[in-house]
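Coordinates as given in final-v8.txt (compact mmCIF, C-alpha atoms (C1' of nucleotides)):
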```txt
# COMPACT_ATOMS: atom_id res chain seq x y z
CA MET A 1486 0.00 0.00 0.00
CA ALA A 1487 1.30 3.42 -0.91
CA VAL A 1488 1.63 6.00 1.80
CA GLU A 1489 -0.29 8.82 0.15
CA PRO A 1490 -3.52 6.83 -0.32
CA LEU A 1491 -3.00 5.29 3.08
CA ALA A 1492 -2.74 8.69 4.66
CA VAL A 1493 -5.95 9.99 3.13
CA ARG A 1494 -7.71 6.79 4.09
CA LEU A 1495 -6.74 7.49 7.67
CA GLY A 1496 -7.91 11.06 7.43
CA ALA A 1497 -4.35 12.26 7.77
CA THR A 1498 -1.79 13.66 5.40
CA LYS A 1499 1.55 12.59 4.11
CA GLY A 1500 3.33 15.22 6.15
CA SER A 1501 2.08 13.77 9.39
CA PHE A 1502 3.05 10.30 8.28
CA TYR A 1503 6.62 11.30 7.68
CA TRP A 1504 6.82 12.73 11.13
CA HIS A 1505 6.03 9.37 12.72
CA PHE A 1506 8.01 7.18 10.36
CA ARG A 1507 11.29 8.03 8.80
CA SER A 1508 10.35 6.33 5.55
CA ARG A 1509 7.86 4.02 3.98
CA ASP A 1510 10.18 1.08 4.52
CA GLU A 1511 10.23 1.78 8.23
CA LEU A 1512 6.47 1.41 8.38
CA ILE A 1513 6.66 -1.81 6.41
CA ALA A 1514 9.31 -3.19 8.71
CA ALA A 1515 7.22 -2.34 11.74
CA ALA A 1516 4.12 -3.95 10.26
CA LEU A 1517 6.08 -7.07 9.38
CA GLN A 1518 7.35 -7.32 12.91
CA LEU A 1519 3.79 -7.14 14.20
CA TRP A 1520 2.67 -9.74 11.71
CA ARG A 1521 5.39 -12.19 12.68
CA GLN A 1522 4.32 -12.02 16.27
CA ALA A 1523 0.57 -12.05 15.86
CA SER A 1524 0.25 -14.52 13.06
CA THR A 1525 2.60 -17.22 14.26
CA THR A 1526 4.09 -16.95 17.70
CA ALA A 1527 0.80 -15.95 19.27
CA VAL A 1528 -1.10 -18.71 17.51
CA ILE A 1529 1.36 -21.37 18.59
CA GLU A 1530 1.32 -20.14 22.15
CA ARG A 1531 -2.45 -20.22 22.20
CA LEU A 1532 -2.47 -23.76 20.93
CA GLU A 1533 0.14 -24.88 23.40
CA ALA A 1534 -1.68 -23.26 26.27
CA ALA A 1535 -4.55 -25.73 26.18
CA ALA A 1536 -3.94 -29.02 27.95
CA VAL A 1537 -4.98 -31.29 25.11
CA PRO A 1538 -3.26 -34.09 23.23
CA PRO A 1539 -1.32 -33.15 20.11
CA GLU A 1540 -3.84 -34.57 17.67
CA GLU A 1541 -6.39 -32.26 19.19
CA ARG A 1542 -4.09 -29.30 18.68
CA LEU A 1543 -3.59 -30.26 15.07
CA ARG A 1544 -7.28 -30.73 14.64
CA GLN A 1545 -8.02 -27.34 16.08
CA LEU A 1546 -5.38 -25.73 13.93
CA ILE A 1547 -6.66 -27.30 10.74
CA THR A 1548 -10.33 -26.78 11.33
CA HIS A 1549 -9.70 -23.23 12.42
CA VAL A 1550 -7.94 -22.58 9.16
CA PHE A 1551 -10.12 -24.57 6.80
CA ALA A 1552 -13.52 -23.52 8.04
CA PRO A 1553 -13.03 -19.78 7.87
CA PRO A 1554 -15.99 -17.67 8.92
CA ALA A 1555 -14.32 -14.54 7.60
CA ARG A 1556 -10.60 -15.10 7.49
CA THR A 1557 -8.94 -11.79 7.31
CA SER A 1558 -5.62 -12.69 5.85
CA ALA A 1559 -2.58 -10.53 5.88
CA ASP A 1560 -0.78 -13.66 4.72
CA LEU A 1561 -2.26 -13.19 1.30
CA ALA A 1562 -0.99 -9.68 0.86
CA LEU A 1563 2.48 -10.73 1.91
CA LEU A 1564 2.56 -13.81 -0.24
CA ALA A 1565 1.66 -11.61 -3.16
CA ASP A 1566 4.74 -9.51 -2.51
CA ALA A 1567 6.99 -12.39 -1.59
CA ASP A 1568 9.80 -10.94 -3.64
CA HIS A 1569 9.91 -7.63 -1.85
CA PRO A 1570 13.31 -7.33 -0.14
CA LEU A 1571 11.74 -6.55 3.23
CA VAL A 1572 8.95 -9.09 2.97
CA ALA A 1573 11.01 -12.05 1.83
CA PRO A 1574 12.99 -12.63 5.05
CA ALA A 1575 9.94 -12.17 7.26
CA LEU A 1576 8.03 -14.60 5.11
CA ALA A 1577 10.81 -17.14 5.21
CA ASP A 1578 11.03 -16.88 9.00
CA VAL A 1579 7.33 -17.29 9.52
CA THR A 1580 7.15 -20.19 7.12
CA GLU A 1581 10.00 -21.93 8.86
CA GLN A 1582 8.48 -21.38 12.27
CA ARG A 1583 5.04 -22.62 11.29
CA LEU A 1584 6.39 -25.59 9.41
CA GLY A 1585 8.59 -26.49 12.33
CA TYR A 1586 5.67 -26.41 14.70
CA ILE A 1587 3.45 -28.52 12.50
CA THR A 1588 6.27 -30.98 12.10
CA THR A 1589 6.64 -31.38 15.85
CA LEU A 1590 2.90 -31.93 16.13
CA PHE A 1591 3.12 -34.77 13.64
CA ARG A 1592 6.12 -36.14 15.46
CA GLN A 1593 4.18 -36.09 18.67
CA LEU A 1594 1.54 -38.08 16.88
CA GLY A 1595 4.09 -40.80 16.33
CA PHE A 1596 5.13 -40.06 12.77
CA PRO A 1597 8.80 -40.80 12.17
CA PRO A 1598 10.84 -37.66 11.41
CA ALA A 1599 10.94 -37.80 7.63
CA ARG A 1600 7.27 -38.63 7.31
CA ALA A 1601 6.33 -35.99 9.86
CA ARG A 1602 8.23 -33.43 7.85
CA ARG A 1603 6.56 -34.43 4.61
CA ARG A 1604 3.15 -34.45 6.18
CA ALA A 1605 3.74 -31.02 7.64
CA LEU A 1606 4.78 -29.75 4.24
CA LEU A 1607 1.64 -31.14 2.72
CA ALA A 1608 -0.54 -29.68 5.43
CA TYR A 1609 0.99 -26.26 5.21
CA SER A 1610 0.86 -26.29 1.44
CA ALA A 1611 -2.81 -27.09 1.68
CA TYR A 1612 -3.27 -24.12 3.97
CA LEU A 1613 -1.46 -21.76 1.65
CA GLY A 1614 -3.44 -23.03 -1.30
CA GLN A 1615 -6.64 -22.59 0.60
CA LEU A 1616 -5.73 -18.96 1.09
CA GLN A 1617 -5.16 -18.50 -2.60
CA LEU A 1618 -8.45 -20.10 -3.47
CA LEU A 1619 -10.18 -17.88 -0.99
CA ARG A 1620 -9.08 -14.91 -3.00
CA SER A 1621 -8.99 -16.14 -6.55
CA ALA A 1622 -12.09 -18.35 -6.65
CA PRO A 1623 -14.04 -18.19 -3.41
CA HIS A 1624 -17.18 -19.44 -5.14
CA LEU A 1625 -15.51 -22.82 -5.62
CA LEU A 1626 -14.95 -23.31 -1.92
CA PRO A 1627 -17.60 -24.81 0.33
CA LYS A 1628 -19.83 -22.10 1.68
CA PRO A 1629 -19.55 -21.32 5.37
CA GLY A 1630 -21.85 -23.63 7.24
CA PRO A 1631 -22.17 -27.39 7.31
CA ALA A 1632 -20.43 -27.84 3.98
CA SER A 1633 -17.45 -25.96 5.27
CA SER A 1634 -17.23 -28.07 8.42
CA ALA A 1635 -17.56 -31.22 6.39
CA TYR A 1636 -14.69 -30.08 4.27
CA ALA A 1637 -12.57 -29.27 7.29
CA ASP A 1638 -13.29 -32.74 8.62
CA HIS A 1639 -12.30 -34.22 5.32
CA VAL A 1640 -9.01 -32.38 5.37
CA VAL A 1641 -8.29 -33.36 8.94
CA ALA A 1642 -9.00 -36.97 8.15
CA ALA A 1643 -6.82 -36.96 5.06
CA LEU A 1644 -3.94 -35.28 6.81
CA LEU A 1645 -4.11 -37.28 10.00
CA ALA A 1646 -4.67 -40.65 8.40
CA ASP A 1647 -1.63 -42.81 8.62
CA GLN A 1648 -0.71 -44.51 5.48
CA PRO A 1649 -0.35 -48.25 5.40
CA SER A 1650 2.81 -48.64 3.38
CA THR A 1651 5.45 -46.83 5.33
CA ASN A 1652 7.18 -48.54 8.18
CA ALA A 1653 7.50 -47.56 11.83
CA ALA A 1654 3.79 -47.49 12.41
CA PRO A 1655 2.55 -44.26 13.88
CA THR A 1656 0.38 -44.90 16.81
CA LEU A 1657 -2.33 -42.61 17.97
CA ARG A 1658 -5.70 -43.12 16.41
CA VAL A 1659 -7.64 -40.14 15.29
CA THR A 1660 -10.64 -39.50 17.41
CA GLY A 1661 -13.23 -36.98 16.41
CA GLY A 1662 -15.22 -36.93 13.23
CA THR A 1663 -14.39 -40.04 11.34
CA ALA A 1664 -13.83 -43.26 13.14
CA THR A 1665 -10.80 -44.67 11.45
CA ALA A 1666 -10.70 -48.30 12.31
CA MET B 135 5.43 -6.08 -15.54
CA ALA B 136 5.54 -2.53 -16.81
CA VAL B 137 5.92 -1.96 -20.51
CA GLU B 138 8.85 0.41 -20.42
CA PRO B 139 11.17 -1.96 -18.53
CA LEU B 140 9.80 -4.81 -20.57
CA ALA B 141 10.65 -3.00 -23.76
CA VAL B 142 14.23 -2.32 -22.77
CA ARG B 143 14.61 -5.90 -21.62
CA LEU B 144 13.62 -6.97 -25.08
CA GLY B 145 16.04 -4.55 -26.65
CA ALA B 146 13.14 -2.59 -28.05
CA THR B 147 11.53 0.69 -27.17
CA LYS B 148 8.17 1.77 -25.95
CA GLY B 149 7.30 3.27 -29.29
CA SER B 150 7.62 -0.05 -31.04
CA PHE B 151 5.55 -1.74 -28.39
CA TYR B 152 2.66 0.61 -28.89
CA TRP B 153 2.71 -0.12 -32.57
CA HIS B 154 2.01 -3.82 -31.96
CA PHE B 155 -0.39 -3.45 -29.05
CA ARG B 156 -2.96 -0.78 -28.61
CA SER B 157 -2.40 -0.63 -24.88
CA ARG B 158 -0.77 -2.43 -22.02
CA ASP B 159 -4.04 -4.10 -21.16
CA GLU B 160 -4.21 -5.58 -24.62
CA LEU B 161 -0.89 -7.28 -24.10
CA ILE B 162 -2.03 -8.58 -20.75
CA ALA B 163 -5.24 -9.93 -22.21
CA ALA B 164 -3.32 -11.71 -24.96
CA ALA B 165 -0.89 -13.20 -22.49
CA LEU B 166 -3.73 -14.37 -20.28
CA GLN B 167 -5.38 -16.04 -23.22
CA LEU B 168 -2.17 -17.91 -23.98
CA TRP B 169 -1.81 -18.90 -20.38
CA ARG B 170 -5.32 -20.31 -20.14
CA GLN B 171 -4.66 -22.54 -23.08
CA ALA B 172 -1.14 -23.68 -22.31
CA SER B 173 -1.42 -24.13 -18.59
CA THR B 174 -4.69 -25.97 -18.39
CA THR B 175 -6.36 -27.13 -21.54
CA ALA B 176 -3.13 -28.42 -23.02
CA VAL B 177 -2.18 -30.21 -19.82
CA ILE B 178 -5.51 -31.94 -19.54
CA GLU B 179 -5.43 -32.99 -23.16
CA ARG B 180 -1.96 -34.41 -22.72
CA LEU B 181 -3.08 -36.41 -19.73
CA GLU B 182 -6.17 -37.68 -21.45
CA ALA B 183 -4.22 -38.70 -24.51
CA ALA B 184 -2.45 -41.55 -22.76
CA ALA B 185 -4.41 -44.76 -22.44
CA VAL B 186 -3.92 -45.29 -18.74
CA PRO B 187 -6.28 -45.76 -15.81
CA PRO B 188 -7.41 -42.63 -13.98
CA GLU B 189 -5.29 -43.21 -10.92
CA GLU B 190 -2.27 -43.25 -13.14
CA ARG B 191 -3.31 -39.93 -14.61
CA LEU B 192 -3.71 -38.47 -11.19
CA ARG B 193 -0.40 -39.90 -10.14
CA GLN B 194 1.32 -38.40 -13.14
CA LEU B 195 -0.31 -35.06 -12.53
CA ILE B 196 0.68 -34.94 -8.90
CA THR B 197 4.22 -36.17 -9.28
CA HIS B 198 4.75 -33.86 -12.19
CA VAL B 199 3.73 -30.95 -10.04
CA PHE B 200 5.31 -31.94 -6.74
CA ALA B 201 8.71 -33.03 -8.00
CA PRO B 202 9.60 -29.93 -9.92
CA PRO B 203 12.95 -30.00 -11.66
CA ALA B 204 12.67 -26.32 -12.49
CA ARG B 205 9.03 -25.40 -12.56
CA THR B 206 8.69 -22.19 -14.39
CA SER B 207 5.49 -20.88 -13.02
CA ALA B 208 3.42 -18.16 -14.55
CA ASP B 209 0.78 -19.24 -12.07
CA LEU B 210 2.69 -17.53 -9.32
CA ALA B 211 2.82 -14.19 -11.02
CA LEU B 212 -0.89 -14.32 -11.70
CA LEU B 213 -1.82 -15.45 -8.22
CA ALA B 214 0.13 -12.50 -6.92
CA ASP B 215 -2.07 -10.17 -8.96
CA ALA B 216 -5.27 -12.06 -8.39
CA ASP B 217 -7.14 -8.83 -7.80
CA HIS B 218 -6.25 -7.26 -11.12
CA PRO B 219 -9.47 -6.77 -13.09
CA LEU B 220 -8.10 -8.60 -16.12
CA VAL B 221 -6.40 -11.36 -14.19
CA ALA B 222 -9.24 -12.23 -11.86
CA PRO B 223 -11.65 -13.73 -14.43
CA ALA B 224 -8.91 -15.69 -16.17
CA LEU B 225 -7.77 -17.03 -12.85
CA ALA B 226 -11.27 -18.01 -11.85
CA ASP B 227 -11.80 -19.80 -15.14
CA VAL B 228 -8.57 -21.73 -14.94
CA THR B 229 -9.19 -22.66 -11.35
CA GLU B 230 -12.65 -23.92 -12.15
CA GLN B 231 -11.42 -25.94 -15.11
CA ARG B 232 -8.56 -27.54 -13.22
CA LEU B 233 -10.66 -28.26 -10.18
CA GLY B 234 -13.35 -29.77 -12.35
CA TYR B 235 -10.89 -32.07 -14.03
CA ILE B 236 -9.33 -33.23 -10.79
CA THR B 237 -12.78 -33.86 -9.43
CA THR B 238 -13.69 -36.09 -12.35
CA LEU B 239 -10.47 -38.00 -11.85
CA PHE B 240 -11.39 -38.69 -8.25
CA ARG B 241 -14.86 -39.64 -9.33
CA GLN B 242 -13.42 -42.09 -11.80
CA LEU B 243 -11.47 -43.54 -8.93
CA GLY B 244 -14.73 -44.36 -7.24
CA PHE B 245 -15.05 -41.49 -4.83
CA PRO B 246 -18.64 -40.41 -4.32
CA PRO B 247 -19.34 -36.91 -5.67
CA ALA B 248 -19.06 -34.87 -2.49
CA ARG B 249 -15.92 -36.63 -1.37
CA ALA B 250 -14.38 -36.37 -4.81
CA ARG B 251 -14.99 -32.67 -4.78
CA ARG B 252 -13.44 -32.24 -1.36
CA ARG B 253 -10.47 -34.33 -2.26
CA ALA B 254 -9.94 -32.35 -5.42
CA LEU B 255 -10.08 -29.13 -3.44
CA LEU B 256 -7.48 -30.47 -1.06
CA ALA B 257 -5.25 -31.65 -3.88
CA TYR B 258 -5.43 -28.39 -5.75
CA SER B 259 -4.91 -26.38 -2.59
CA ALA B 260 -1.82 -28.42 -1.94
CA TYR B 261 -0.57 -27.62 -5.41
CA LEU B 262 -1.16 -23.91 -4.98
CA GLY B 263 0.55 -23.93 -1.62
CA GLN B 264 3.47 -25.80 -3.08
CA LEU B 265 3.85 -22.99 -5.59
CA GLN B 266 3.91 -20.41 -2.85
CA LEU B 267 6.50 -22.32 -0.89
CA LEU B 268 8.61 -22.60 -3.96
CA ARG B 269 8.89 -18.88 -4.05
CA SER B 270 8.77 -17.82 -0.45
CA ALA B 271 10.85 -20.54 1.19
CA PRO B 272 12.37 -22.91 -1.37
CA HIS B 273 15.00 -24.02 1.11
CA LEU B 274 12.31 -25.71 3.17
CA LEU B 275 11.21 -27.92 0.31
CA PRO B 276 12.88 -31.23 -0.42
CA LYS B 277 15.78 -30.73 -2.80
CA PRO B 278 15.39 -32.06 -6.32
CA GLY B 279 16.49 -35.66 -6.33
CA PRO B 280 15.43 -38.66 -4.28
CA ALA B 281 14.03 -36.54 -1.45
CA SER B 282 11.81 -34.77 -3.91
CA SER B 283 10.47 -37.99 -5.38
CA ALA B 284 9.89 -39.39 -1.93
CA TYR B 285 7.87 -36.33 -1.11
CA ALA B 286 5.87 -36.61 -4.30
CA ASP B 287 5.15 -40.24 -3.46
CA HIS B 288 4.08 -39.21 -0.01
CA VAL B 289 1.66 -36.67 -1.41
CA VAL B 290 0.26 -39.11 -3.91
CA ALA B 291 -0.28 -41.68 -1.19
CA ALA B 292 -1.95 -39.19 1.12
CA LEU B 293 -4.23 -37.87 -1.58
CA LEU B 294 -5.12 -41.19 -3.11
CA ALA B 295 -5.63 -43.02 0.16
CA ASP B 296 -9.17 -44.19 0.53
CA GLN B 297 -10.45 -43.15 3.83
CA PRO B 298 -12.59 -45.69 5.58
CA SER B 299 -16.09 -44.86 6.66
CA THR B 300 -16.11 -41.25 5.68
CA ASN B 301 -19.63 -41.04 4.45
CA ALA B 302 -22.57 -39.49 6.22
CA ALA B 303 -21.75 -36.35 8.12
CA PRO B 304 -18.81 -36.83 10.39
CA THR B 305 -19.87 -34.13 12.84
CA LEU B 306 -16.66 -32.75 14.13
CA ARG B 307 -16.21 -33.23 17.80
CA VAL B 308 -14.67 -30.12 19.29
CA THR B 309 -13.27 -31.62 22.39
CA GLY B 310 -11.35 -29.82 25.06
CA GLY B 311 -9.92 -26.35 24.91
CA THR B 312 -12.91 -24.53 23.47
CA ALA B 313 -12.85 -22.80 20.18
CA THR B 314 -10.18 -20.15 20.76
CA ALA B 315 -10.60 -17.88 17.79
C1' DC C 1384 4.86 36.97 27.12
C1' DC C 1385 8.27 34.28 24.70
C1' DC C 1386 10.18 30.09 23.34
C1' DG C 1387 10.74 25.28 22.32
C1' DT C 1388 8.59 20.97 21.45
C1' DT C 1389 5.08 18.15 19.33
C1' DC C 1390 2.24 17.25 15.83
C1' DC C 1391 0.14 18.14 11.40
C1' DA C 1392 -0.64 20.49 6.63
C1' DT C 1393 0.79 22.52 2.19
C1' DA C 1394 4.01 22.93 -1.38
C1' DC C 1395 7.69 21.39 -4.07
C1' DG C 1396 11.33 18.59 -6.67
C1' DG C 1397 12.35 14.07 -8.45
C1' DT C 1398 11.18 9.59 -10.53
C1' DG C 1399 8.99 5.89 -12.96
C1' DC C 1400 5.48 4.82 -15.66
C1' DC C 1401 1.49 5.15 -19.43
C1' DG C 1402 0.03 6.61 -23.67
C1' DT C 1403 0.52 9.88 -27.81
C1' DA C 1404 2.72 12.61 -31.25
C1' DT C 1405 5.92 12.83 -34.44
C1' DG C 1406 9.86 11.88 -36.98
C1' DG C 1407 12.82 8.74 -39.12
C1' DT C 1408 14.43 4.21 -41.98
C1' DG C 1409 14.29 0.55 -45.10
C1' DA C 1410 11.74 -2.36 -48.52
C1' DC C 1411 9.07 -2.42 -52.53
C1' DG C 1412 6.22 -1.40 -56.39
C1' DA C 1413 4.76 2.21 -60.03
C1' DT D 1223 12.92 8.37 -58.67
C1' DC D 1224 9.14 8.80 -55.82
C1' DG D 1225 5.40 7.45 -52.79
C1' DT D 1226 3.66 4.25 -49.58
C1' DC D 1227 3.70 1.36 -45.84
C1' DA D 1228 5.46 -1.52 -42.05
C1' DC D 1229 8.24 -0.85 -38.29
C1' DC D 1230 10.90 1.50 -34.87
C1' DA D 1231 12.89 5.57 -32.06
C1' DT D 1232 12.67 10.05 -29.63
C1' DA D 1233 10.18 13.41 -27.28
C1' DC D 1234 6.51 15.03 -24.75
C1' DG D 1235 2.37 15.61 -21.40
C1' DG D 1236 0.18 13.61 -17.63
C1' DC D 1237 -0.28 11.02 -13.39
C1' DA D 1238 0.76 8.81 -9.05
C1' DC D 1239 3.92 8.34 -5.89
C1' DC D 1240 8.15 9.17 -2.55
C1' DG D 1241 10.52 12.06 0.34
C1' DT D 1242 11.79 16.96 1.94
C1' DA D 1243 11.13 21.73 3.06
C1' DT D 1244 8.62 24.82 5.26
C1' DG D 1245 4.96 26.92 7.74
C1' DG D 1246 2.03 26.81 11.01
C1' DA D 1247 -1.41 25.39 15.49
C1' DA D 1248 -1.47 23.97 20.28
C1' DC D 1249 0.60 23.91 24.62
C1' DG D 1250 3.54 23.95 28.65
C1' DG D 1251 7.57 26.07 31.19
C1' DG D 1252 10.65 29.93 32.00
```
Rewrite the structure from the file as structure tokens, please.
Amino acid sequence: MAVEPLAVRLGATKGSFYWHFRSRDELIAAALQLWRQASTTAVIERLEAAAVPPEERLRQLITHVFAPPARTSADLALLADADHPLVAPALADVTEQRLGYITTLFRQLGFPPARARRRALLAYSAYLGQLQLLRSAPHLLPKPGPASSAYADHVVAALLADQPSTNAAPTLRVTGGTATA
Amino acid sequence: MAVEPLAVRLGATKGSFYWHFRSRDELIAAALQLWRQASTTAVIERLEAAAVPPEERLRQLITHVFAPPARTSADLALLADADHPLVAPALADVTEQRLGYITTLFRQLGFPPARARRRALLAYSAYLGQLQLLRSAPHLLPKPGPASSAYADHVVAALLADQPSTNAAPTLRVTGGTATA
DNA sequence: CCCGTTCCATACGGTGCCGTATGGTGACGA
DNA sequence: TCGTCACCATACGGCACCGTATGGAACGGG
């Protein structure tokens, strides 16, 4: 967002803006710092605060993300400018942090390291793609309501299902929606 | 991409550009038309040309997309400008076409309609997210080589896995911890 | 009452871009 | 040789934006 339109949208002027921030980049840096904290660290802390088993955390995380009542997503704006020199490092950090957390959740579910990592990648990719769909073709997504919850359930089931082939059998069964034998 | 930088990058000038195209938007529209055709219709036709069972088609599609040797992606640029008035409809069309095709593949695999649709959504979301990761944090993705193929296999397995029992309204059980928005 | 500090507004130069106007340049046929 | 036409370059006006310069209110302390 440019600073002149931003200023008028806030009922202020450019002059006042440049008194508070030395430059446009300084504002961007500050906003990115906020975003890092609020969009990742805070979410993880909130999830960890509850005394529930890891599969419940993962379930909450997924359903929260895939059944969006009105997901206001700064992620989208930043992903769109992923090449911006200030955005890129912040984005990389956040991605790494989120992916790391999801990986540990899968590990806690009994997935061996490599499989946990792959599953986390898949899960996070699905999240990012969901965001894109939300913007580029929202009419193709299930409407908020029962269809949306059913979809979230479907995603949870697909992501939490252990696959038969690979060795070192993960343990924990998935409770909740679908009773996997 | 602006037309002045584009012109110099092509060793031409702006004047010559405006002889071939009436405006910048006209170039964009032409490029979008090309993209629709090459990135979707052509891919589907190529897949349908081979005389293989549907799960093999799906497998080829997924592995082709998730084990990218050097995926040159126009998709990314367009997703980044998803709000552009010319890009948005093209993007919606392509999304709908791709999603429809993936859905029919899942249907041919025996998934009932609603589940096929959900699975297709998940698969396509995963693809879109993969694209984003490729740009915003490529170092977190498996490197091209065996790790990459293993990951592609993992994704195929996760997406093709039949889930037991899933029919008939799973009714998500939000156990402990409350909703925590 | 004067002065400095804080906060905001107006005005200006500079830049990158879009689109147009206009002026070549070479090929080719009459 | 001359005119025409496809193609390209230069030059210009206009716009949106960034960042700076400068001129104030408002206010509190000496």
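Proximity to chain D at a cut-off of 12 Å picks out A:Met1486, A:Ala1487, A:Val1488, A:Glu1489, A:Pro1490, A:Leu1491, A:Lys1499, A:Gly1500, A:Phe1502, A:Tyr1503, A:Trp1504, A:Phe1506, A:Arg1507, A:Ser1508, A:Arg1509, A:Asp1510 on chain A, counting only C-alpha atoms (C1' of nucleotides).
The list of residues with at least one atom within 9 Å of Arg253 in chain B, based on all atoms listed in the file and without residues fewer than 3 positions apart in the same chain, reads Tyr1636, His1639, Val1640 and Ala1643 of chain A; Ile236, Thr237, Phe240, Phe245, Ala248, Arg249, Ala250, Leu256, Ala257, Tyr258, Leu293 and Leu294 of chain B.
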Please save C-alpha atoms of the selected residues as an mmCIF file, in the frame of the given file.
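This went into selection_5.cif:
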```cif
data_model
loop_
_atom_site.group_PDB
_atom_site.id
_atom_site.type_symbol
_atom_site.label_atom_id
_atom_site.label_comp_id
_atom_site.auth_asym_id
_atom_site.auth_seq_id
_atom_site.Cartn_x
_atom_site.Cartn_y
_atom_site.Cartn_z
ATOM 1 C CA TYR A 1636 -14.690 -30.080 4.270
ATOM 2 C CA HIS A 1639 -12.300 -34.220 5.320
ATOM 3 C CA VAL A 1640 -9.010 -32.380 5.370
ATOM 4 C CA ALA A 1643 -6.820 -36.960 5.060
ATOM 5 C CA ILE B 236 -9.330 -33.230 -10.790
ATOM 6 C CA THR B 237 -12.780 -33.860 -9.430
ATOM 7 C CA PHE B 240 -11.390 -38.690 -8.250
ATOM 8 C CA PHE B 245 -15.050 -41.490 -4.830
ATOM 9 C CA ALA B 248 -19.060 -34.870 -2.490
ATOM 10 C CA ARG B 249 -15.920 -36.630 -1.370
ATOM 11 C CA ALA B 250 -14.380 -36.370 -4.810
ATOM 12 C CA LEU B 256 -7.480 -30.470 -1.060
ATOM 13 C CA ALA B 257 -5.250 -31.650 -3.880
ATOM 14 C CA TYR B 258 -5.430 -28.390 -5.750
ATOM 15 C CA LEU B 293 -4.230 -37.870 -1.580
ATOM 16 C CA LEU B 294 -5.120 -41.190 -3.110
#
```
(message) Least-squares superposition of chain B on chain A, all Cα atoms, in-order pairing: what RMSD comes out, in Å?
(response) 8.0 Å
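The space separating CA of Ala216 in chain B from CA of Leu239 in chain B comes to 26.7 Å.
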With a cut-off of 9 Å, could you pull out the residues of chain C touching chain B and give me the nearest pair of atoms for each, distance in Å to one decimal, using only C-alpha atoms (C1' of nucleotides), ordered by chain and ascending number, as a tab-separated table?
```
residue	atom	partner	partner_atom	distance
C:DC1400	C1'	B:Glu138	CA	7.3
C:DC1401	C1'	B:Arg158	CA	8.3
C:DG1402	C1'	B:Ser157	CA	7.7
```
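Reported to one decimal place, the separation of CA of Leu1584 in chain A from CA of Leu1532 in chain A is 14.6 Å.
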(message) Give me the residues near Val199 in chain B as a VMD selection string, where near means some atom within 10 Å (using only C-alpha atoms (C1' of nucleotides)) and where sequence neighbours in that chain fewer than 3 positions away do not count.
(response) chain B and resid 193 to 196 202 to 203 205 261 to 262 264 to 265 286
